[in-house]
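Accompanying notes for the structure given below.
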Amino acid sequence: MLLSFNTGVICDAGYSLEEAIVMIKQAGFDAVDFSFWNYKKDLNSDEAKKDFLEFKKIADENGIVFNQAHAPFPSRVMDDVKSAKIFENIVGAIKCASYLGVKNIVVHPVQHLKYAEADNKEKLFDMNMEFYKALEPYCKEYNINVALENMWQGNGNAPITKIFPSTCGRPKEFIKYLDTLNSEYLVACLDIGHALLVSEDPYDFIKELGHDRLKALHIHDVDGIFDSHTLPYYGIGKWDRVAMALKEINYDGDFTFEAGCFLDPLPKELYLDALKYMERVGRYIVGMIK
């Protein structure tokens with residue numbers, strides 16, 4: 001089981017993607033989760049291919065691998081022209097992730113409609129079946145899995161005062177999505193923090209998804225009110241139960257942190273020290289799983 005961290009918050013602080021890769025290695029992680037929102041060029045260009053092969057070379061030279069990636073999001077908006085461009089960018093991300101050797105790329109479900117209103121749940125299900133089936137040929141071409149993620153929505157106000165489950169936010173619906181798609185290339189990424197936000201016990205969620213569906217994780221803790229994306233043990237998560245469930249289903253994926261907000265309050269000069277601490281926390285939980 002590889003322990004990994006994403007490039008997102010490191011680059012948001014002003015470090016380059018190349019520096020982020022090296023820093024994640026220096027902190028002791030086994031692998032890098034590539035955040036595509038940090039890359040601003042055309043993902044379908046020859047220049048992008050050159051850049052991503054160079055990122056792979058830097059990782060190889062530093063003895064670290066890319067295990068996971070996160071596609072651009074959202075996956076769809078109300079404007080059809082913009083949505084077509086979004087789809088094109090997601091396909092580009094799949095292609096570029098393959099240059100890195102990534103095995104799972106997380107692609108958010110379509111959730112641009114208000115999930116709780118009228119027939120939107122059913123509409124979103126149909127849209128997502130079409131959406132993910134359209135991505136499947138690219139998975140086959142580039143030998144990479146697309147991982148669906150459990151989502152939430154807010155009440156639309158700022159600040160958000162109430163959070164609701166959205167697409168794949170409940171175990172039974174997530175399972176319905178995966179089993180209807182019925183593809184070895186379309187798998188589950190369980191976001192532990194998102195499960196907690198909608199009052200789902202991650203232990204139960206993991207057990208219901210089971211070994212054959214659950215192939216990736218987003219590991220972070222929350223305070224139960226906001227999508228805090230902080231380090232395990234700094235929120236409401238029961239991490240001994242998370243580890244127990246993963247062990248009981250014989251989980252064979254990786255342990256990938258998406259806990260970047262733990263770093264946000266710090267000066268960027270302290271990021272490496274904080275990442276080393278995060279790596280220790282990750283090793284502790286992975287040790288419980290093993």
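We label chains A, B, ... in the order they appear in the structure tokens, count residues from 1 in each chain, and number ligands from 1 in the order shown.
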Spatial neighbours of A:Ile249, 12 Å, only C-alpha atoms, chain gap at least 2 places, as a ChimeraX atom specification: /A:203-215,242-247,251-253,289-290
So that I have them on file, write out the residues from the current selection with C-alpha atoms, as a PDB file, in the first residue's frame.
ATOM      1  CA  TYR A 203     -16.606   2.043   8.344  1.00  0.00           C
ATOM      2  CA  ASP A 204     -20.018   1.121   6.959  1.00  0.00           C
ATOM      3  CA  PHE A 205     -19.350   2.878   3.640  1.00  0.00           C
ATOM      4  CA  ILE A 206     -16.111   0.956   3.128  1.00  0.00           C
ATOM      5  CA  LYS A 207     -17.728  -2.348   4.051  1.00  0.00           C
ATOM      6  CA  GLU A 208     -20.659  -1.804   1.679  1.00  0.00           C
ATOM      7  CA  LEU A 209     -18.455  -0.835  -1.260  1.00  0.00           C
ATOM      8  CA  GLY A 210     -16.264  -3.841  -0.609  1.00  0.00           C
ATOM      9  CA  HIS A 211     -12.980  -5.060  -2.044  1.00  0.00           C
ATOM     10  CA  ASP A 212     -13.953  -5.271  -5.704  1.00  0.00           C
ATOM     11  CA  ARG A 213     -15.364  -1.732  -6.015  1.00  0.00           C
ATOM     12  CA  LEU A 214     -13.131   0.332  -3.714  1.00  0.00           C
ATOM     13  CA  LYS A 215      -9.776   0.979  -5.379  1.00  0.00           C
ATOM     14  CA  VAL A 242     -11.464   3.378   9.020  1.00  0.00           C
ATOM     15  CA  ALA A 243      -8.351   1.201   9.272  1.00  0.00           C
ATOM     16  CA  MET A 244     -10.372  -1.754  10.563  1.00  0.00           C
ATOM     17  CA  ALA A 245     -12.816  -1.596   7.655  1.00  0.00           C
ATOM     18  CA  LEU A 246     -10.041  -1.357   5.064  1.00  0.00           C
ATOM     19  CA  LYS A 247      -8.339  -4.366   6.639  1.00  0.00           C
ATOM     20  CA  TYR A 251      -8.320  -3.233   0.490  1.00  0.00           C
ATOM     21  CA  ASP A 252      -5.585  -3.391  -2.144  1.00  0.00           C
ATOM     22  CA  GLY A 253      -5.393   0.271  -3.188  1.00  0.00           C
ATOM     23  CA  ILE A 289      -4.504  -1.612   8.188  1.00  0.00           C
ATOM     24  CA  LYS A 290      -1.651  -4.042   7.668  1.00  0.00           C
TER      25      LYS A 290
END
Can you build me a table of stretch 98-177 of chain A residues sitting at most 10 Å from stretch 25-40 of chain A, with the closest atom pair per residue and its distance in Å to one decimal, using only C-alpha atoms, sorted by chain and residue number, as CSV?
residue,atom,partner,partner_atom,distance
A:Leu100,CA,A:Phe34,CA,9.0
A:Val102,CA,A:Asp33,CA,8.5
A:Asn104,CA,A:Asp33,CA,9.6
A:Ile105,CA,A:Phe34,CA,8.9
A:Val106,CA,A:Ser35,CA,9.8
Residue neighbourhood A:Gly14, 12 Å, only C-alpha atoms, exclusion window fewer than 2 positions, as number ranges by chain: A: 7-12, 16-20, 38, 264, 267-269, 271
Quick one: of A:Asp119, A:Phe5, A:Gly92, A:Asn67, who's nearest to A:Leu43, counting only C-alpha atoms? A:Gly92
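Counting only C-alpha atoms, the residue from A:Leu178, A:Ala116, A:Met129, A:Cys139 that sits nearest to A:Pro165 is A:Ala116.
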Expected answer as a PDB file with N, CA and C atoms, in the first residue's frame: strand (DSSP E) residues in stretch 176-258 of chain A:
ATOM      1  N   LEU A 186     -13.940   1.530 -14.324  1.00  0.00           N
ATOM      2  CA  LEU A 186     -14.692   2.549 -13.591  1.00  0.00           C
ATOM      3  C   LEU A 186     -14.882   2.054 -12.167  1.00  0.00           C
ATOM      4  N   VAL A 187     -14.149   2.675 -11.224  1.00  0.00           N
ATOM      5  CA  VAL A 187     -14.040   2.167  -9.863  1.00  0.00           C
ATOM      6  C   VAL A 187     -14.405   3.259  -8.862  1.00  0.00           C
ATOM      7  N   ALA A 188     -14.308   2.936  -7.580  1.00  0.00           N
ATOM      8  CA  ALA A 188     -14.674   3.879  -6.522  1.00  0.00           C
ATOM      9  C   ALA A 188     -13.444   4.485  -5.861  1.00  0.00           C
ATOM     10  N   CYS A 189     -13.493   5.804  -5.671  1.00  0.00           N
ATOM     11  CA  CYS A 189     -12.602   6.507  -4.748  1.00  0.00           C
ATOM     12  C   CYS A 189     -13.479   7.013  -3.613  1.00  0.00           C
ATOM     13  N   LEU A 190     -13.290   6.487  -2.426  1.00  0.00           N
ATOM     14  CA  LEU A 190     -14.077   6.940  -1.282  1.00  0.00           C
ATOM     15  C   LEU A 190     -13.363   8.099  -0.614  1.00  0.00           C
ATOM     16  N   ASP A 191     -14.041   9.253  -0.587  1.00  0.00           N
ATOM     17  CA  ASP A 191     -13.547  10.420   0.131  1.00  0.00           C
ATOM     18  C   ASP A 191     -14.072  10.322   1.564  1.00  0.00           C
ATOM     19  N   LEU A 214     -13.932  -0.738  -4.305  1.00  0.00           N
ATOM     20  CA  LEU A 214     -13.131   0.332  -3.714  1.00  0.00           C
ATOM     21  C   LEU A 214     -11.664   0.157  -4.081  1.00  0.00           C
ATOM     22  N   LYS A 215     -11.146   1.093  -4.890  1.00  0.00           N
ATOM     23  CA  LYS A 215      -9.776   0.979  -5.379  1.00  0.00           C
ATOM     24  C   LYS A 215      -8.929   2.220  -5.106  1.00  0.00           C
ATOM     25  N   ALA A 216      -9.518   3.250  -4.509  1.00  0.00           N
ATOM     26  CA  ALA A 216      -8.764   4.478  -4.236  1.00  0.00           C
ATOM     27  C   ALA A 216      -9.403   5.205  -3.060  1.00  0.00           C
ATOM     28  N   LEU A 217      -8.619   6.086  -2.439  1.00  0.00           N
ATOM     29  CA  LEU A 217      -9.090   6.835  -1.275  1.00  0.00           C
ATOM     30  C   LEU A 217      -8.672   8.293  -1.371  1.00  0.00           C
ATOM     31  N   HIS A 218      -9.518   9.163  -0.793  1.00  0.00           N
ATOM     32  CA  HIS A 218      -9.127  10.527  -0.439  1.00  0.00           C
ATOM     33  C   HIS A 218      -9.184  10.592   1.082  1.00  0.00           C
ATOM     34  N   PHE A 255      -3.101   4.651  -0.032  1.00  0.00           N
ATOM     35  CA  PHE A 255      -3.566   5.541   1.035  1.00  0.00           C
ATOM     36  C   PHE A 255      -3.138   6.953   0.649  1.00  0.00           C
ATOM     37  N   THR A 256      -4.076   7.687   0.056  1.00  0.00           N
ATOM     38  CA  THR A 256      -3.748   8.968  -0.569  1.00  0.00           C
ATOM     39  C   THR A 256      -4.377  10.121   0.204  1.00  0.00           C
ATOM     40  N   PHE A 257      -3.519  10.958   0.766  1.00  0.00           N
ATOM     41  CA  PHE A 257      -3.985  12.128   1.498  1.00  0.00           C
ATOM     42  C   PHE A 257      -4.567  13.182   0.555  1.00  0.00           C
TER      43      PHE A 257
END
What are the DSSP alpha helix (DSSP H) residues of stretch 62-198 of chain A, as a PyMOL selection string? chain A and resi 80-100+120-142+171-181+192-197
Residue with smallest distance to A:Leu181 - pool A:Ala59, A:Ile24, A:Ala147, A:Ala118, counting only C-alpha atoms: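 That would be A:Ala147, the residue with the smallest distance to A:Leu181.
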Calculate how many Å separate atom CA of A:Tyr15 from atom CA of A:Pro265, rounding to one decimal.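 Going from atom CA of A:Tyr15 over to atom CA of A:Pro265 covers 15.8 Å.
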Could you check which of A:Glu136, A:Asp254, A:Glu141, A:Asp126 is closest to A:Gly282, using only C-alpha atoms?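 Closest to A:Gly282 of all the choices is A:Asp254.
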Restricting the calculation to only C-alpha atoms, which member of A:Lys123, A:Lys50, A:Lys176, A:His108 is positioned closest to A:Pro72?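 Selected residue with least distance to A:Pro72: A:His108.
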